[in-house]
Amino acid sequence: MNGGELPSVPRVQILFGEIVYWITIVSAIICMVGPLVAMLAPENNVVNPYFLFAAIFAGKTAPEVWAQASGGFPGGHFYWHHLTTGDGFTQFGLALGCSVALWALLAAAFAYVKERSPLYTRLSLGVALLVVLSAVGIIEVH
Amino acid sequence: MSRFLKSPWLEMNIMLGVLILCYAGLALIGFTKETPEGGMSGAAIWGWLFGFFFISFGIALVAVLAGIGGGVLFTPFMLAFTQVDSLIVRATGLIVAMFSGLVSTGPFMRLGLSNLRMCIYGAAAYGVGAFVGAQGAILVAKHLGESGEGAVRLALGIILLALAVYFIVGGKKIEWPEVKRVDRFTQWLKLSQPYYEYSLGKVIDYPLTRAAILPAAICLIGLISGFFGLGAGWAIVPAQNLIMAVPLKVAAANSGVLLGMGDCVAVWPYLLHGAIIPLFAAPWLVGQVLGGLLGALILIRIQAGFVRHLIVGFMFLACFGLLTKGLNLLGVLPPTPLWMTGSVMLVIFIVVIRAIVRQARSR
């Protein structure tokens, strides 16, 4: 069917797009402010940014870079305990952006339930579950 | 009310304001605070942070103009021309690829150009492939040391060479593919969704086919993308177009959404293993969001065929850097002298300029 009537965009699709769009913008703003906070109080970071950048540009590996933190790498979700530090706050922004699909897919699944579309409800929840499993580190190949 | 006070310009202006304040603050701190012994100077850190943002912003603009993902430019260049560890680069590359897709999701969904059902269907397969690829990258980095670093650069150099040739030849993409028979499985999925094609001034309702084959192809693409932190728009668009007969414009819009969604699965192994360093990755993320948004808002309207030549030129240059550095790390070649890299750069530059001039004359 090729015609001239303007087709309506499904509501679930608009909902998904809006959630992704706005969370991405919030995540970007956090990632703008985070480095400033880190440089304002360099001691109040998991790794002092002066030594962090020196290590990165010396070609050191990720574990070697994090080795400068007391106790090494504190784990991917270290922002929960370091939200007031510059790198903790920046990591929170990254984590928020990296989980955006989860929030949008949960909302989409809910909308698909209302639309009575069981196949896409299940698929949305399935992909959301993949994000959750990946984010909590339950599945690991090694 | 001025259009600059309405969405999307409003959020764009807010982000620009915050960005200017933050970088001004960083400059003030960087140039006035004393550097601790053994650390990088504050001014240099400011330079890197601003440089990263600026390059990321440029990559996002160019990527929007050329219709490819930013990861294809970021990862090869960083691996070819910097000392930064390859796992850190590839992890950050995934952030670059992912956020260029995420920021385009809102506008494409609103317009109805993207098809959410197709994206969710594809993202399940892509997510699994990219997740396994990311885990593989961590495994290689843990166990193979410097030879692994060399092998990764060499493999990426070969992939990039193939991609650059593919971009020149153009591939066999069809703008409006014809579907002779819709199979039962595809029909059952109810994936089709009409959209308004502004260039034609009419509604296009596209039938789809062979939906059962697509997940296998997308899973393989995800594996490569997750391992190399390369993004995958270059492969997902033709896969949808050639396998399922998705119109080219819809396939391109879907690819950004699908990558953004799928990489939310793939990126976490890198985050959980510390390969994503927050202060290093943040300016790249911000550049992708701002550049991608601005590119989508204003630059998409200008004629920009020349950008494709530039990108192919960049890809050949990065390819040279990757192959020579990879072979050097494997002990096959001595370090490449600067004059040789400069000469190759000059030759590529001349060829690109010739191609652009020839294109401009033919128009």
# chains A, B, ... in the order shown; residues from 1 in each chain; ligands from 1
call {"tool": "interface_residues", "arguments": {"of": "chain A", "to": "chain B", "cutoff": "7 Å", "atoms": "only C-alpha atoms", "output": "PyMOL selection string"}}
result
chain A and resi 1-7+9+13-14+17-18+20-21+24+28-29+31-33+35-36+39-40+50-51+53-54+56-62+73+75-76+87+90-91+98-99+101+123-124+127+130-131+134-135+141
call {"tool": "write_last_selection", "arguments": {"atoms": "C-alpha atoms", "output": "short mmCIF file (atom, residue, chain, number, x, y, z; two decimals), in the first residue's frame"}}
result
data_model
loop_
_atom_site.label_atom_id
_atom_site.label_comp_id
_atom_site.auth_asym_id
_atom_site.auth_seq_id
_atom_site.Cartn_x
_atom_site.Cartn_y
_atom_site.Cartn_z
CA MET A 1 0.00 0.00 0.00
CA ASN A 2 1.58 3.23 -1.10
CA GLY A 3 -0.70 6.20 -0.40
CA GLY A 4 -0.85 9.77 0.78
CA GLU A 5 -2.43 9.46 4.27
CA LEU A 6 0.00 10.21 7.09
CA PRO A 7 0.39 6.97 9.12
CA VAL A 9 3.49 6.36 14.68
CA GLN A 13 7.64 3.57 19.67
CA ILE A 14 7.40 7.25 20.68
CA GLY A 17 12.37 6.96 21.76
CA GLU A 18 11.62 9.66 24.34
CA VAL A 20 16.20 6.79 25.39
CA TYR A 21 16.62 10.38 24.20
CA THR A 24 21.02 9.91 27.05
CA ALA A 28 25.85 13.36 28.75
CA ILE A 29 25.37 16.28 31.17
CA CYS A 31 29.67 13.20 31.98
CA MET A 32 30.35 16.92 31.35
CA VAL A 33 30.25 17.84 35.04
CA PRO A 35 35.59 15.53 35.05
CA LEU A 36 35.29 19.07 36.51
CA MET A 39 39.82 17.99 38.86
CA LEU A 40 38.42 20.31 41.55
CA TYR A 50 46.84 13.41 37.41
CA PHE A 51 48.20 9.86 37.78
CA PHE A 53 46.02 10.16 32.65
CA ALA A 54 49.79 9.68 33.02
CA ILE A 56 46.77 5.75 30.33
CA PHE A 57 49.14 7.61 28.00
CA ALA A 58 52.08 5.50 29.13
CA GLY A 59 50.23 2.61 27.47
CA LYS A 60 49.40 0.83 30.75
CA THR A 61 46.67 -1.81 30.77
CA ALA A 62 43.35 -1.25 32.55
CA PHE A 73 39.74 -1.83 40.65
CA GLY A 75 34.23 -2.99 40.51
CA GLY A 76 32.06 -1.66 37.71
CA ASP A 87 35.21 9.60 38.82
CA THR A 90 31.20 10.20 35.96
CA GLN A 91 30.94 6.41 36.16
CA CYS A 98 24.71 2.18 29.30
CA SER A 99 21.48 0.96 30.93
CA ALA A 101 17.79 0.39 26.85
CA LEU A 123 10.85 -10.02 23.25
CA SER A 124 11.17 -6.64 25.02
CA VAL A 127 16.29 -8.10 25.70
CA LEU A 130 19.92 -9.65 28.73
CA VAL A 131 20.89 -6.09 29.77
CA SER A 134 25.09 -8.41 31.57
CA ALA A 135 25.05 -5.44 33.99
CA VAL A 141 32.39 -16.53 29.42
#
call {"tool": "select_by_dssp", "arguments": {"residues": "segment 185-362 of chain B", "states": "strand (DSSP E or B)", "output": "ChimeraX atom specification"}}
result
/B:195-197,202-204
call {"tool": "residues_around", "arguments": {"residues": "Ala251 of chain B", "least_positions_apart": "2", "cutoff": "8 Å", "atoms": "only C-alpha atoms", "output": "list in words"}}
result
Ser114, Ile236, Val237, Pro238, Gln240, Asn241, Val246, Pro247, Leu248, Lys249, Ala253, Asn254 and Ser255 of chain B
call {"tool": "residues_around", "arguments": {"residues": "Val47 of chain A", "least_positions_apart": "4", "cutoff": "9 Å", "atoms": "only C-alpha atoms", "output": "PDB file with all heavy atoms, in the first residue's frame"}}
result
ATOM      1  N   PRO A  42      41.237  16.579  43.286  1.00  0.00           N
ATOM      2  CA  PRO A  42      41.869  15.365  42.729  1.00  0.00           C
ATOM      3  C   PRO A  42      42.062  14.244  43.738  1.00  0.00           C
ATOM      4  O   PRO A  42      42.067  13.069  43.364  1.00  0.00           O
ATOM      5  CB  PRO A  42      43.207  15.875  42.192  1.00  0.00           C
ATOM      6  CG  PRO A  42      43.384  17.264  42.683  1.00  0.00           C
ATOM      7  CD  PRO A  42      42.056  17.780  43.098  1.00  0.00           C
ATOM      8  N   GLU A  43      42.212  14.603  45.018  1.00  0.00           N
ATOM      9  CA  GLU A  43      42.402  13.553  46.036  1.00  0.00           C
ATOM     10  C   GLU A  43      41.105  12.805  46.309  1.00  0.00           C
ATOM     11  O   GLU A  43      41.124  11.658  46.746  1.00  0.00           O
ATOM     12  CB  GLU A  43      42.915  14.167  47.345  1.00  0.00           C
ATOM     13  CG  GLU A  43      44.282  14.846  47.231  1.00  0.00           C
ATOM     14  CD  GLU A  43      45.375  13.906  46.727  1.00  0.00           C
ATOM     15  OE1 GLU A  43      45.310  12.706  47.052  1.00  0.00           O
ATOM     16  OE2 GLU A  43      46.260  14.377  45.989  1.00  0.00           O
ATOM     17  N   PHE A  51      47.478  11.128  37.980  1.00  0.00           N
ATOM     18  CA  PHE A  51      48.200   9.862  37.781  1.00  0.00           C
ATOM     19  C   PHE A  51      47.459   8.960  36.796  1.00  0.00           C
ATOM     20  O   PHE A  51      48.069   8.185  36.067  1.00  0.00           O
ATOM     21  CB  PHE A  51      48.391   9.143  39.122  1.00  0.00           C
ATOM     22  CG  PHE A  51      49.177   9.970  40.104  1.00  0.00           C
ATOM     23  CD1 PHE A  51      48.619  10.384  41.306  1.00  0.00           C
ATOM     24  CD2 PHE A  51      50.482  10.362  39.807  1.00  0.00           C
ATOM     25  CE1 PHE A  51      49.340  11.162  42.193  1.00  0.00           C
ATOM     26  CE2 PHE A  51      51.214  11.143  40.693  1.00  0.00           C
ATOM     27  CZ  PHE A  51      50.637  11.550  41.882  1.00  0.00           C
ATOM     28  N   LEU A  52      46.136   9.103  36.800  1.00  0.00           N
ATOM     29  CA  LEU A  52      45.311   8.281  35.892  1.00  0.00           C
ATOM     30  C   LEU A  52      45.689   8.544  34.431  1.00  0.00           C
ATOM     31  O   LEU A  52      45.987   7.625  33.664  1.00  0.00           O
ATOM     32  CB  LEU A  52      43.835   8.614  36.115  1.00  0.00           C
ATOM     33  CG  LEU A  52      42.875   7.888  35.197  1.00  0.00           C
ATOM     34  CD1 LEU A  52      42.312   6.658  35.872  1.00  0.00           C
ATOM     35  CD2 LEU A  52      41.712   8.770  34.779  1.00  0.00           C
ATOM     36  N   VAL A  65      46.257   0.576  35.370  1.00  0.00           N
ATOM     37  CA  VAL A  65      45.750   1.935  35.633  1.00  0.00           C
ATOM     38  C   VAL A  65      45.011   1.952  36.965  1.00  0.00           C
ATOM     39  O   VAL A  65      45.220   2.826  37.809  1.00  0.00           O
ATOM     40  CB  VAL A  65      44.813   2.402  34.486  1.00  0.00           C
ATOM     41  CG1 VAL A  65      44.132   3.716  34.841  1.00  0.00           C
ATOM     42  CG2 VAL A  65      45.597   2.562  33.177  1.00  0.00           C
ATOM     43  N   TRP A  66      44.159   0.922  37.174  1.00  0.00           N
ATOM     44  CA  TRP A  66      43.354   0.888  38.406  1.00  0.00           C
ATOM     45  C   TRP A  66      44.190   0.505  39.628  1.00  0.00           C
ATOM     46  O   TRP A  66      43.751   0.708  40.765  1.00  0.00           O
ATOM     47  CB  TRP A  66      42.190  -0.097  38.263  1.00  0.00           C
ATOM     48  CG  TRP A  66      41.103   0.415  37.375  1.00  0.00           C
ATOM     49  CD1 TRP A  66      40.840   0.020  36.101  1.00  0.00           C
ATOM     50  CD2 TRP A  66      40.138   1.431  37.668  1.00  0.00           C
ATOM     51  NE1 TRP A  66      39.769   0.722  35.585  1.00  0.00           N
ATOM     52  CE2 TRP A  66      39.320   1.593  36.532  1.00  0.00           C
ATOM     53  CE3 TRP A  66      39.874   2.229  38.781  1.00  0.00           C
ATOM     54  CZ2 TRP A  66      38.269   2.506  36.469  1.00  0.00           C
ATOM     55  CZ3 TRP A  66      38.832   3.139  38.727  1.00  0.00           C
ATOM     56  CH2 TRP A  66      38.045   3.270  37.581  1.00  0.00           C
ATOM     57  N   ALA A  67      45.371  -0.071  39.366  1.00  0.00           N
ATOM     58  CA  ALA A  67      46.220  -0.491  40.493  1.00  0.00           C
ATOM     59  C   ALA A  67      46.590   0.698  41.371  1.00  0.00           C
ATOM     60  O   ALA A  67      46.982   0.522  42.526  1.00  0.00           O
ATOM     61  CB  ALA A  67      47.475  -1.172  39.977  1.00  0.00           C
ATOM     62  N   GLN A  68      46.456   1.915  40.811  1.00  0.00           N
ATOM     63  CA  GLN A  68      46.799   3.101  41.597  1.00  0.00           C
ATOM     64  C   GLN A  68      45.742   3.436  42.643  1.00  0.00           C
ATOM     65  O   GLN A  68      45.988   4.237  43.546  1.00  0.00           O
ATOM     66  CB  GLN A  68      46.981   4.287  40.665  1.00  0.00           C
ATOM     67  CG  GLN A  68      48.194   4.084  39.776  1.00  0.00           C
ATOM     68  CD  GLN A  68      48.289   5.161  38.747  1.00  0.00           C
ATOM     69  OE1 GLN A  68      48.699   6.262  39.058  1.00  0.00           O
ATOM     70  NE2 GLN A  68      47.876   4.829  37.541  1.00  0.00           N
ATOM     71  N   ALA A  69      44.558   2.822  42.488  1.00  0.00           N
ATOM     72  CA  ALA A  69      43.523   3.011  43.517  1.00  0.00           C
ATOM     73  C   ALA A  69      43.865   2.079  44.673  1.00  0.00           C
ATOM     74  O   ALA A  69      44.389   0.984  44.449  1.00  0.00           O
ATOM     75  CB  ALA A  69      42.165   2.642  42.949  1.00  0.00           C
ATOM     76  N   SER A  70      43.582   2.518  45.905  1.00  0.00           N
ATOM     77  CA  SER A  70      43.890   1.629  47.030  1.00  0.00           C
ATOM     78  C   SER A  70      42.978   0.404  46.933  1.00  0.00           C
ATOM     79  O   SER A  70      41.764   0.527  46.899  1.00  0.00           O
ATOM     80  CB  SER A  70      43.668   2.358  48.361  1.00  0.00           C
ATOM     81  OG  SER A  70      42.357   2.844  48.417  1.00  0.00           O
ATOM     82  N   ASP A  87      35.292  10.762  39.714  1.00  0.00           N
ATOM     83  CA  ASP A  87      35.213   9.598  38.819  1.00  0.00           C
ATOM     84  C   ASP A  87      34.010   8.713  39.134  1.00  0.00           C
ATOM     85  O   ASP A  87      33.439   8.096  38.226  1.00  0.00           O
ATOM     86  CB  ASP A  87      36.530   8.802  38.767  1.00  0.00           C
ATOM     87  CG  ASP A  87      37.126   8.521  40.137  1.00  0.00           C
ATOM     88  OD1 ASP A  87      36.446   8.784  41.141  1.00  0.00           O
ATOM     89  OD2 ASP A  87      38.277   8.032  40.187  1.00  0.00           O
TER      90      ASP A  87
END
call {"tool": "atom_distance", "arguments": {"atom1": "atom CA of Val100 of chain A", "atom2": "atom CA of Val89 of chain B"}}
result
22.1 Å
call {"tool": "atom_distance", "arguments": {"atom1": "atom CA of Leu293 of chain B", "atom2": "atom CA of Trp22 of chain A"}}
result
12.2 Å
call {"tool": "residues_around", "arguments": {"residues": "Ser27 of chain A", "least_positions_apart": "5", "cutoff": "7 Å", "atoms": "only C-alpha atoms", "output": "list in words"}}
result
Gly93, Leu94, Leu96 and Gly97 of chain A
call {"tool": "atom_distance", "arguments": {"atom1": "atom CA of Phe167 of chain B", "atom2": "atom CA of Gly69 of chain B"}}
result
13.2 Å
